[in-house]
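Engineer: Contents are CSV, C-alpha atoms; file name final-v1.csv:
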chain,number,residue,atom,x,y,z
A,1056,MET,CA,108.4,145.3,78.2
A,1057,THR,CA,106.8,144.1,81.4
A,1058,VAL,CA,106.0,140.3,81.2
A,1059,LEU,CA,103.5,138.5,83.3
A,1060,VAL,CA,103.1,134.7,83.2
A,1061,GLN,CA,99.6,133.2,83.9
A,1062,LYS,CA,98.8,129.5,84.1
A,1063,PHE,CA,95.3,128.1,83.8
A,1064,GLY,CA,94.4,124.5,84.7
A,1065,GLY,CA,92.2,122.1,82.8
A,1066,THR,CA,89.0,122.9,84.7
A,1067,SER,CA,89.4,126.6,83.8
A,1068,LEU,CA,89.1,125.7,80.1
A,1069,GLN,CA,86.4,123.0,80.2
A,1070,SER,CA,83.4,125.1,79.2
A,1071,GLN,CA,82.6,128.3,77.3
A,1072,GLU,CA,81.6,129.9,80.6
A,1073,SER,CA,84.9,129.1,82.3
A,1074,ILE,CA,86.9,130.2,79.2
A,1075,SER,CA,85.1,133.6,79.3
A,1076,LYS,CA,86.4,133.9,82.9
A,1077,VAL,CA,89.9,133.1,81.7
A,1078,ILE,CA,89.6,135.7,78.9
A,1079,SER,CA,88.5,138.4,81.5
A,1080,HIS,CA,91.7,137.8,83.6
A,1081,ILE,CA,93.9,138.0,80.5
A,1082,LYS,CA,92.1,141.1,79.2
A,1083,TYR,CA,92.5,142.8,82.6
A,1084,ALA,CA,96.3,142.2,82.5
A,1085,VAL,CA,96.6,143.3,78.8
A,1086,GLU,CA,94.8,146.5,79.6
A,1087,ARG,CA,97.4,147.3,82.3
A,1088,GLN,CA,100.1,147.1,79.6
A,1089,HIS,CA,101.4,143.7,80.5
A,1090,LYS,CA,102.7,141.3,77.8
A,1091,LEU,CA,101.4,137.9,78.7
A,1092,VAL,CA,102.7,134.3,78.5
A,1093,VAL,CA,99.7,132.1,79.2
A,1094,VAL,CA,100.5,128.5,80.1
A,1095,VAL,CA,97.6,126.0,79.7
A,1096,SER,CA,96.8,122.4,80.8
A,1097,ALA,CA,94.7,120.0,78.8
A,1098,LEU,CA,91.0,120.8,78.5
A,1099,GLY,CA,89.0,119.6,81.4
A,1100,ARG,CA,89.3,116.3,83.2
A,1101,SER,CA,88.4,112.7,82.3
A,1102,PRO,CA,86.0,111.9,80.7
A,1103,ASP,CA,86.2,115.2,78.9
A,1104,PRO,CA,87.3,114.3,75.3
A,1105,TYR,CA,90.7,116.1,75.3
A,1106,ALA,CA,91.8,115.6,79.0
A,1107,THR,CA,95.1,113.7,79.4
A,1108,ASP,CA,93.6,110.5,80.9
A,1109,THR,CA,90.9,110.5,78.2
A,1110,LEU,CA,93.6,110.7,75.5
A,1111,LEU,CA,95.5,107.8,77.1
A,1112,SER,CA,92.3,105.7,77.1
A,1113,LEU,CA,92.3,105.9,73.3
A,1114,ALA,CA,95.1,103.3,73.4
A,1115,GLY,CA,92.7,100.9,75.0
A,1116,GLU,CA,93.9,98.3,77.4
A,1117,SER,CA,97.5,98.7,76.4
A,1118,VAL,CA,98.0,101.8,78.6
A,1119,PRO,CA,100.8,102.4,79.3
A,1120,LEU,CA,101.8,102.2,75.7
A,1121,GLN,CA,104.6,99.9,74.8
A,1122,SER,CA,106.6,102.9,73.6
A,1123,GLU,CA,107.0,105.7,76.1
A,1124,ARG,CA,108.1,108.0,73.2
A,1125,GLU,CA,104.7,107.5,71.6
A,1126,MET,CA,102.9,107.9,75.0
A,1127,ASP,CA,104.5,111.4,75.2
A,1128,LEU,CA,103.3,112.2,71.7
A,1129,LEU,CA,99.8,111.2,72.7
A,1130,MET,CA,99.8,112.9,76.1
A,1131,SER,CA,101.2,116.2,74.8
A,1132,CYS,CA,98.2,116.6,72.5
A,1133,GLY,CA,95.8,117.7,75.2
A,1134,GLU,CA,97.9,120.8,76.1
A,1135,THR,CA,98.6,121.6,72.4
A,1136,ILE,CA,94.8,121.5,71.6
A,1137,ALA,CA,94.1,123.7,74.7
A,1138,SER,CA,96.7,126.3,73.6
A,1139,ILE,CA,95.1,126.6,70.1
A,1140,VAL,CA,91.5,126.7,71.5
A,1141,LEU,CA,92.4,129.5,73.9
A,1142,SER,CA,94.4,131.5,71.4
A,1143,ASN,CA,91.5,131.3,68.9
A,1144,GLU,CA,89.1,132.5,71.6
A,1145,LEU,CA,91.3,135.4,72.4
A,1146,GLN,CA,91.5,136.5,68.8
A,1147,LYS,CA,87.7,136.3,68.6
A,1148,ASN,CA,87.7,138.8,71.5
A,1149,HIS,CA,90.1,141.1,69.7
A,1150,ILE,CA,93.2,140.2,71.8
A,1151,ASN,CA,96.3,139.8,69.7
A,1152,SER,CA,97.6,136.3,70.4
A,1153,THR,CA,99.5,133.2,69.1
A,1154,ALA,CA,100.0,129.6,70.3
A,1155,LEU,CA,103.2,127.7,70.8
A,1156,THR,CA,104.1,124.2,71.9
A,1157,GLY,CA,106.5,123.8,74.7
A,1158,GLY,CA,109.3,123.0,72.3
A,1159,GLN,CA,108.5,126.0,70.2
A,1160,ALA,CA,108.6,128.1,73.4
A,1161,GLY,CA,112.2,127.1,73.8
A,1162,ILE,CA,111.9,124.4,76.5
A,1163,THR,CA,114.6,121.7,76.1
A,1164,THR,CA,114.4,118.6,78.2
A,1165,THR,CA,116.2,115.3,78.8
A,1166,ALA,CA,115.1,112.3,76.8
A,1167,GLU,CA,113.4,110.5,79.8
A,1168,PHE,CA,110.0,110.1,78.2
A,1169,THR,CA,107.0,110.7,80.5
A,1170,GLN,CA,109.2,112.1,83.3
A,1171,ALA,CA,111.6,114.4,81.4
A,1172,GLN,CA,113.6,117.1,83.2
A,1173,ILE,CA,113.9,120.6,81.9
A,1174,LYS,CA,117.5,121.3,80.9
A,1175,SER,CA,117.2,124.9,79.6
A,1176,VAL,CA,114.9,127.5,78.2
A,1177,ASP,CA,115.8,129.6,75.1
A,1178,THR,CA,113.5,132.6,75.2
A,1179,THR,CA,114.5,133.9,71.7
A,1180,ARG,CA,111.2,132.8,70.0
A,1181,LEU,CA,109.1,133.9,73.0
A,1182,GLU,CA,110.6,137.4,73.1
A,1183,LYS,CA,110.2,137.8,69.4
A,1184,ASP,CA,106.6,136.8,69.5
A,1185,LEU,CA,105.9,139.0,72.5
A,1186,ASN,CA,107.1,142.0,70.4
A,1187,HIS,CA,104.3,141.2,67.9
A,1188,PHE,CA,101.6,139.8,70.1
A,1189,ASP,CA,100.0,140.8,73.4
A,1190,VAL,CA,99.6,137.2,74.5
A,1191,VAL,CA,101.6,134.0,73.7
A,1192,VAL,CA,99.7,130.9,74.8
A,1193,VAL,CA,102.1,128.0,75.6
A,1194,ALA,CA,101.2,124.4,75.9
A,1195,GLY,CA,102.3,123.3,79.4
A,1196,PHE,CA,103.6,120.0,80.6
A,1197,GLN,CA,105.8,119.5,77.6
A,1198,GLY,CA,109.1,120.3,75.9
A,1199,GLN,CA,111.4,118.6,73.4
A,1200,THR,CA,114.9,117.1,73.3
A,1201,THR,CA,117.8,118.4,71.4
A,1202,ASP,CA,116.9,115.8,68.8
A,1203,GLY,CA,113.4,117.3,68.4
A,1204,GLU,CA,111.5,114.5,70.3
A,1205,ILE,CA,108.4,115.7,72.1
A,1206,THR,CA,108.5,114.9,75.9
A,1207,THR,CA,106.3,115.4,78.9
A,1208,ILE,CA,107.6,116.5,82.3
A,1209,GLY,CA,105.2,114.6,84.7
A,1210,ARG,CA,101.9,115.4,86.4
A,1211,GLY,CA,101.7,119.0,87.6
A,1212,GLY,CA,104.0,119.9,84.7
A,1213,SER,CA,102.0,122.9,83.6
A,1214,ASP,CA,102.8,124.6,86.9
A,1215,THR,CA,106.4,123.8,86.4
A,1216,THR,CA,106.3,125.2,82.8
A,1217,ALA,CA,104.8,128.5,84.1
A,1218,ALA,CA,107.5,128.9,86.8
A,1219,VAL,CA,110.4,128.0,84.4
A,1220,LEU,CA,109.2,130.5,81.8
A,1221,GLY,CA,108.6,133.2,84.4
A,1222,VAL,CA,112.2,132.8,85.6
A,1223,ALA,CA,113.6,132.7,82.1
A,1224,LEU,CA,111.7,135.8,81.0
A,1225,ASN,CA,112.5,137.7,84.3
A,1226,ALA,CA,108.7,138.1,84.6
A,1227,GLU,CA,107.1,140.4,87.1
A,1228,GLY,CA,105.4,137.4,88.6
A,1229,VAL,CA,103.6,134.1,87.9
A,1230,GLU,CA,99.9,133.8,88.5
A,1231,ILE,CA,98.5,130.3,89.0
A,1232,PHE,CA,94.8,130.2,88.3
A,1233,THR,CA,92.8,127.3,89.7
A,1234,ASP,CA,89.3,126.4,90.9
A,1235,VAL,CA,89.8,127.5,94.5
A,1236,ASN,CA,90.5,131.0,95.9
A,1237,GLY,CA,94.2,130.5,96.7
A,1238,ILE,CA,96.0,128.3,99.2
A,1239,MET,CA,93.8,127.3,102.1
A,1240,THR,CA,94.5,126.4,105.8
A,1241,ALA,CA,93.2,122.9,104.9
A,1242,ASP,CA,91.3,121.2,102.2
A,1243,PRO,CA,87.8,122.9,102.3
A,1244,ARG,CA,86.2,119.6,101.2
A,1245,VAL,CA,87.4,118.1,104.5
A,1246,ALA,CA,87.6,121.0,106.9
A,1247,GLU,CA,84.5,123.3,106.5
A,1248,SER,CA,86.2,126.0,108.5
A,1249,ALA,CA,89.2,126.2,106.2
A,1250,ARG,CA,90.0,129.7,105.1
A,1251,PRO,CA,92.2,131.2,102.3
A,1252,LEU,CA,95.7,132.5,103.3
A,1253,LYS,CA,96.6,136.0,102.0
A,1254,ASN,CA,100.3,135.2,101.9
A,1255,VAL,CA,102.6,132.3,102.7
A,1256,THR,CA,106.4,131.7,102.4
A,1257,TYR,CA,107.9,129.6,99.7
A,1258,SER,CA,108.8,127.0,102.4
A,1259,ASP,CA,105.3,126.6,103.8
A,1260,CYS,CA,103.8,126.6,100.3
A,1261,PHE,CA,106.2,123.8,99.2
A,1262,ASN,CA,105.6,121.8,102.3
A,1263,LEU,CA,101.8,122.1,102.0
A,1264,ALA,CA,102.0,121.1,98.3
A,1265,ASN,CA,104.5,118.3,98.9
A,1266,GLN,CA,102.3,116.8,101.7
A,1267,GLY,CA,99.1,116.7,99.6
A,1268,ALA,CA,97.6,120.2,99.0
A,1269,LYS,CA,97.0,120.1,95.3
A,1270,VAL,CA,96.7,123.8,94.4
A,1271,ILE,CA,100.2,124.1,93.0
A,1272,HIS,CA,103.0,121.6,92.2
A,1273,PRO,CA,105.9,121.7,94.7
A,1274,ARG,CA,108.5,121.8,91.9
A,1275,ALA,CA,107.1,125.1,90.6
A,1276,VAL,CA,107.5,126.5,94.1
A,1277,GLU,CA,111.1,125.4,94.3
A,1278,ILE,CA,111.9,127.0,90.9
A,1279,ALA,CA,110.2,130.3,91.9
A,1280,GLU,CA,112.0,130.4,95.3
A,1281,GLU,CA,115.4,129.9,93.6
A,1282,ALA,CA,114.8,133.0,91.5
A,1283,SER,CA,112.8,134.9,94.2
A,1284,ILE,CA,110.0,135.4,91.7
A,1285,SER,CA,106.5,135.8,93.3
A,1286,LEU,CA,103.8,133.3,92.8
A,1287,HIS,CA,100.1,134.3,93.0
A,1288,VAL,CA,97.6,131.5,93.4
A,1289,ARG,CA,94.2,132.7,92.4
A,1290,SER,CA,90.7,131.5,91.5
A,1291,THR,CA,89.6,131.6,87.9
A,1292,TYR,CA,86.1,132.2,89.0
A,1293,ALA,CA,86.5,135.1,91.5
A,1294,ILE,CA,88.1,138.6,91.7
A,1295,GLU,CA,89.5,138.1,95.1
A,1296,SER,CA,93.3,138.4,95.3
A,1297,GLY,CA,94.1,134.8,96.4
A,1298,THR,CA,97.4,133.9,98.0
A,1299,LEU,CA,100.8,135.6,97.4
A,1300,VAL,CA,103.8,133.3,97.8
A,1301,THR,CA,107.1,135.1,98.5
A,1302,ASN,CA,109.9,135.0,101.0
A,1303,SER,CA,107.7,136.4,103.8
A,1304,GLY,CA,104.6,135.0,105.3
A,1305,PRO,CA,102.3,135.3,108.3
A,1306,ASP,CA,103.9,135.6,111.7
A,1307,GLN,CA,102.4,132.5,113.2
A,1308,SER,CA,103.8,129.1,114.1
A,1309,ILE,CA,101.3,127.0,112.1
A,1310,THR,CA,100.2,127.9,108.6
A,1311,GLY,CA,98.0,125.0,107.5
A,1312,ILE,CA,97.3,121.3,107.4
A,1313,ALA,CA,97.7,119.0,104.3
A,1314,HIS,CA,96.8,115.4,103.9
A,1315,LYS,CA,97.2,112.3,101.7
A,1316,SER,CA,95.1,109.2,101.6
A,1317,GLY,CA,95.4,105.9,99.8
A,1318,LEU,CA,98.6,104.8,101.8
A,1319,ILE,CA,99.8,101.5,103.0
A,1320,HIS,CA,102.1,101.0,106.0
A,1321,PHE,CA,104.8,98.3,106.0
A,1322,LYS,CA,106.6,96.8,109.0
A,1323,ILE,CA,109.4,94.3,108.4
A,1324,ALA,CA,111.2,92.3,111.1
A,1325,VAL,CA,114.9,92.4,110.5
A,1326,GLU,CA,115.9,88.7,110.2
A,1327,LYS,CA,118.9,89.3,108.0
A,1328,GLU,CA,121.5,92.1,108.3
A,1329,GLU,CA,121.3,92.9,104.6
A,1330,HIS,CA,117.6,93.7,104.8
A,1331,ARG,CA,118.3,97.2,106.2
A,1332,ALA,CA,120.5,98.1,103.3
A,1333,ASN,CA,118.7,96.4,100.5
A,1334,VAL,CA,115.0,97.2,101.1
A,1335,PHE,CA,115.2,101.0,100.5
A,1336,LYS,CA,117.9,100.5,97.8
A,1337,LYS,CA,115.8,98.2,95.7
A,1338,MET,CA,112.7,100.5,96.0
A,1339,SER,CA,114.7,103.5,95.0
A,1340,GLU,CA,116.0,101.5,91.9
A,1341,ALA,CA,112.4,100.7,91.1
A,1342,GLY,CA,111.4,104.4,91.3
A,1343,ILE,CA,109.1,103.8,94.3
A,1344,SER,CA,108.8,106.7,96.7
A,1345,VAL,CA,108.5,105.9,100.4
A,1346,ASP,CA,107.5,108.0,103.4
A,1347,PHE,CA,107.8,107.6,107.2
A,1348,SER,CA,110.9,105.4,106.6
A,1349,ASP,CA,112.6,104.3,109.8
A,1350,THR,CA,115.0,101.5,110.7
A,1351,SER,CA,116.2,100.0,113.9
A,1352,GLN,CA,118.1,96.9,114.9
A,1353,THR,CA,114.9,94.9,114.9
A,1354,GLU,CA,112.5,96.4,112.3
A,1355,ILE,CA,112.1,98.5,109.1
A,1356,LEU,CA,109.1,100.8,108.8
A,1357,PHE,CA,107.8,102.7,105.7
A,1358,THR,CA,104.7,103.9,103.9
A,1359,ILE,CA,103.9,103.8,100.2
A,1360,LEU,CA,101.1,104.8,97.9
A,1361,ASN,CA,98.5,102.1,97.4
A,1362,VAL,CA,99.2,102.0,93.6
A,1363,ASN,CA,102.7,100.6,94.4
A,1364,LYS,CA,101.4,97.8,96.7
A,1365,GLN,CA,102.0,94.8,94.3
A,1366,ALA,CA,105.4,96.1,93.1
A,1367,VAL,CA,106.6,96.4,96.7
A,1368,ILE,CA,105.2,93.1,97.8
A,1369,GLY,CA,107.0,91.4,94.9
A,1370,LEU,CA,110.2,93.2,95.7
A,1371,LEU,CA,110.1,92.2,99.3
A,1372,LYS,CA,109.4,88.6,98.4
A,1373,ASN,CA,112.5,88.6,96.3
A,1374,LEU,CA,114.5,89.8,99.3
A,1375,ASP,CA,112.9,87.1,101.5
A,1376,CYS,CA,111.2,89.7,103.7
A,1377,LYS,CA,107.8,89.0,105.4
A,1378,PRO,CA,106.1,92.3,106.0
A,1379,GLN,CA,103.2,93.2,108.2
A,1380,ILE,CA,100.8,95.5,106.3
A,1381,ILE,CA,98.3,98.0,107.4
A,1382,GLU,CA,96.1,99.2,104.5
A,1383,ASN,CA,93.8,102.2,104.2
A,1384,CYS,CA,96.1,104.7,105.9
A,1385,ALA,CA,96.2,108.4,105.6
A,1386,LYS,CA,98.9,111.0,106.4
A,1387,VAL,CA,98.0,114.3,108.0
A,1388,CYS,CA,100.7,117.0,108.1
A,1389,VAL,CA,100.8,120.1,110.1
A,1390,VAL,CA,102.9,122.8,108.4
A,1391,GLY,CA,104.4,125.9,109.8
A,1392,ASN,CA,107.5,128.2,109.8
A,1393,GLY,CA,108.1,128.0,113.5
A,1394,LEU,CA,106.8,124.7,114.9
A,1395,PRO,CA,109.3,124.7,117.8
A,1396,LYS,CA,107.4,127.8,119.1
A,1397,VAL,CA,104.5,125.6,120.2
A,1398,PRO,CA,104.4,122.2,121.9
A,1399,ALA,CA,102.9,120.8,118.7
A,1400,THR,CA,103.9,117.2,118.8
A,1401,SER,CA,102.8,116.5,122.3
A,1402,GLU,CA,99.6,118.5,121.9
A,1403,ILE,CA,98.7,116.6,118.7
A,1404,ALA,CA,99.2,113.2,120.4
A,1405,GLU,CA,97.2,114.3,123.4
A,1406,LYS,CA,94.3,115.6,121.4
A,1407,LEU,CA,94.0,112.6,119.1
A,1408,ALA,CA,94.3,110.2,122.1
A,1409,GLU,CA,91.3,112.0,123.7
A,1410,LYS,CA,89.2,111.2,120.6
A,1411,GLY,CA,90.4,107.6,120.3
A,1412,ILE,CA,92.4,108.2,117.1
A,1413,GLN,CA,95.3,105.9,116.8
A,1414,ILE,CA,98.7,107.3,115.6
A,1415,ILE,CA,100.3,104.5,113.6
A,1416,GLN,CA,103.6,106.4,113.1
A,1417,SER,CA,104.8,110.0,113.3
A,1418,ALA,CA,107.7,112.2,112.2
A,1419,ALA,CA,108.6,115.8,112.9
A,1420,SER,CA,111.0,118.5,111.7
A,1421,HIS,CA,111.2,122.3,112.3
A,1422,THR,CA,108.7,122.9,109.5
A,1423,THR,CA,106.4,119.9,109.5
A,1424,ILE,CA,104.8,117.3,111.8
A,1425,GLY,CA,103.4,114.3,110.0
A,1426,ILE,CA,101.2,111.6,111.5
A,1427,LEU,CA,100.0,108.4,110.0
A,1428,ILE,CA,96.5,107.4,110.9
A,1429,HIS,CA,93.7,105.1,109.7
A,1430,ASP,CA,91.9,106.5,106.7
A,1431,MET,CA,88.5,106.4,108.4
A,1432,ASP,CA,89.9,108.9,111.0
A,1433,LEU,CA,91.0,111.4,108.3
A,1434,ALA,CA,88.2,114.0,108.4
A,1435,LYS,CA,88.0,113.8,112.2
A,1436,THR,CA,91.8,114.4,112.5
A,1437,VAL,CA,92.0,117.3,110.1
A,1438,ASN,CA,89.1,119.1,111.7
A,1439,LEU,CA,90.4,118.5,115.2
A,1440,LEU,CA,93.8,119.8,114.4
A,1441,HIS,CA,92.4,122.7,112.5
A,1442,ASP,CA,90.4,123.7,115.5
A,1443,THR,CA,93.1,123.0,118.0
A,1444,PHE,CA,95.5,125.4,116.3
A,1445,GLN,CA,92.8,128.0,115.6
A,1446,LEU,CA,93.4,128.0,111.9
A,1447,SER,CA,89.9,129.2,111.1
A,1448,GLN,CA,90.6,132.5,112.7
A,1449,PRO,CA,92.4,135.4,110.9
A,1450,LEU,CA,95.9,136.0,112.3
A,1451,GLU,CA,95.0,139.1,114.2
A,1452,SER,CA,92.3,137.2,116.2
A,1453,VAL,CA,94.4,134.2,117.1
A,1454,VAL,CA,95.2,134.0,120.8
A,1455,THR,CA,98.8,132.7,121.2
A,1456,LYS,CA,99.7,130.6,124.2
Kindly present the structure from the file in C-alpha cells form.

Structural biologist:
Amino acid sequence: MTVLVQKFGGTSLQSQESISKVISHIKYAVERQHKLVVVVSALGRSPDPYATDTLLSLAGESVPLQSEREMDLLMSCGETIASIVLSNELQKNHINSTALTGGQAGITTTAEFTQAQIKSVDTTRLEKDLNHFDVVVVAGFQGQTTDGEITTIGRGGSDTTAAVLGVALNAEGVEIFTDVNGIMTADPRVAESARPLKNVTYSDCFNLANQGAKVIHPRAVEIAEEASISLHVRSTYAIESGTLVTNSGPDQSITGIAHKSGLIHFKIAVEKEEHRANVFKKMSEAGISVDFSDTSQTEILFTILNVNKQAVIGLLKNLDCKPQIIENCAKVCVVGNGLPKVPATSEIAEKLAEKGIQIIQSAASHTTIGILIHDMDLAKTVNLLHDTFQLSQPLESVVTK
C-alpha cells in the first residue's frame, strides 16, 4: 500500500469552486493507486463562518476564553467541520472516504492547551481505515491527551499534522497545497519579479519559513527533514509542479528573501549589572520571543512583535529599565545555502546606503543575513536585494561573480 499525505489550507476549501479543485487533485492521486491521508485546515478565513478566528469571535469580548481547555474545544471545531465537509464532497464524487479528528487519527499530545506538543502517533486506526477507504480526511491542527482532552497545536498546526502523519505512515511524500504555486524567491505581493523555485533544501525552506515566508510552517519542515521525507509545496489552483523540498537544492549562494513586519526595536542602557541577565530571562519566562538580541557592557538590543509591546514595556518597568523604542520596523532576511561564497553582508549595506535606506541592526550566519529597517522601506529593500542578487533569473542564466 503506497500512502501519500496531502494537506489543504482553509482558502482551498472556502468555496465550491475551490473544493472542486481540491477534489481533482485527490482524484488524480487515487487514480494512480495511492491511498491518501488528506489533512485539512478550517474552512476559509475570517469572516468566513467556520474559520478559526470567526469561531473565537463567538465568545465575544472574552477572547481569550477564561478556560484554555474550552478555547481548544472551540478552535478545533473549524478543522473538524472541514474534514466532514470534504469527505462528504468526495463521497458525492464517488471517491470512497471517511473523516477523522486528530485524536481519532492517533495523535497524542501534551496537555498544554492552545500550544500542545505532539508526543506520539498511533497509526493503528489510520492503517485500518486505509484498508477500507481510498481517502481518510483528517482534521489538522489538533490532537488529544492521554485523558481524552482535545488540544490544538498552535498556528500552522495543519502543516505539522501532515508532516507528522507522513512520517508515522512512512508515506511516499507530503504535498502541501496552498494558494501560491510553490515557494517563491520573495513574496510576490512585494516583489513583482519573484519567481517560484523548483526545488530547495530543507535548510533553506526552514529559514525562509522561519523568517516570514508563510507558505509552510517551519516545524513541518523540521519534522520532514528528520525523517528525510519529501515535501511538495503546490498550488491548489494550478497543475504546475510547485516546489520540491528535499536534502538537495539549487547550486547557488542565495535562494530567496523573506520578511516580517510589525516589529519594535528596543535599546536599553545597562545601568545595573543584573539587567543583562534578567531582561531576556524574564521575557523567556513570559513566553515572549525576541530577535536581533545583542548585549554589550553598555547596552541591550532586541526586537519583538508589535503585539507584545505592552507586555514587554511592563516587564522592563518592573526591572527598572528605561528603553529607547523604535516602532514600525521590518526585518528582511536573505537566505542561502552558501552565503560565504558571496560578499553578501558588505554588498547589502552598500546597496541600501546608496538608496538612503537605514539599517537599524543586522545579524548574519552561514545561511541567513537579517537586517532590521524602517517599515516604510520594506518594499524598496526587498526589491532592491531581489534585483541585486539576480533572483528573478532562472539559475542557468544567473551570472556569478

Engineer: Can you work out which one of A:Thr1206, A:Thr1310, A:Asn1363, A:Ser1285 has the shortest atom-to-atom distance to Asn1262 (chain A), counting all atoms listed in the file?

Structural biologist: A:Thr1310

Engineer: When you look at Gly1369 (chain A) with a cut-off of 12 Å (counting only C-alpha atoms), what residues show up, excluding the ones that are within fewer than 6 positions of it in the same chain? I need them as a PyMOL selection string.

Structural biologist: chain A and resi 1334+1337-1338+1341+1363+1375-1378

Engineer: Kindly indicate which residue among A:Val1093, A:Val1276, A:Leu1111, A:Leu1155 lies nearest to Ile1136 (chain A), using only C-alpha atoms for the distances.

Structural biologist: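 Among the listed residues, the smallest separation from Ile1136 (chain A) belongs to A:Leu1155.
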
Engineer: So how many Å separate CA of Val1235 (chain A) and CA of Ser1296 (chain A), to one decimal?

Structural biologist: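 Going from CA of Val1235 (chain A) over to CA of Ser1296 (chain A), I get 11.5 Å.
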
Engineer: What does the distance from CA of Arg1087 (chain A) to CA of Lys1062 (chain A) come to in Å, to one decimal?

Structural biologist: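 CA of Lys1062 (chain A) lies at a distance of 17.9 Å from CA of Arg1087 (chain A).
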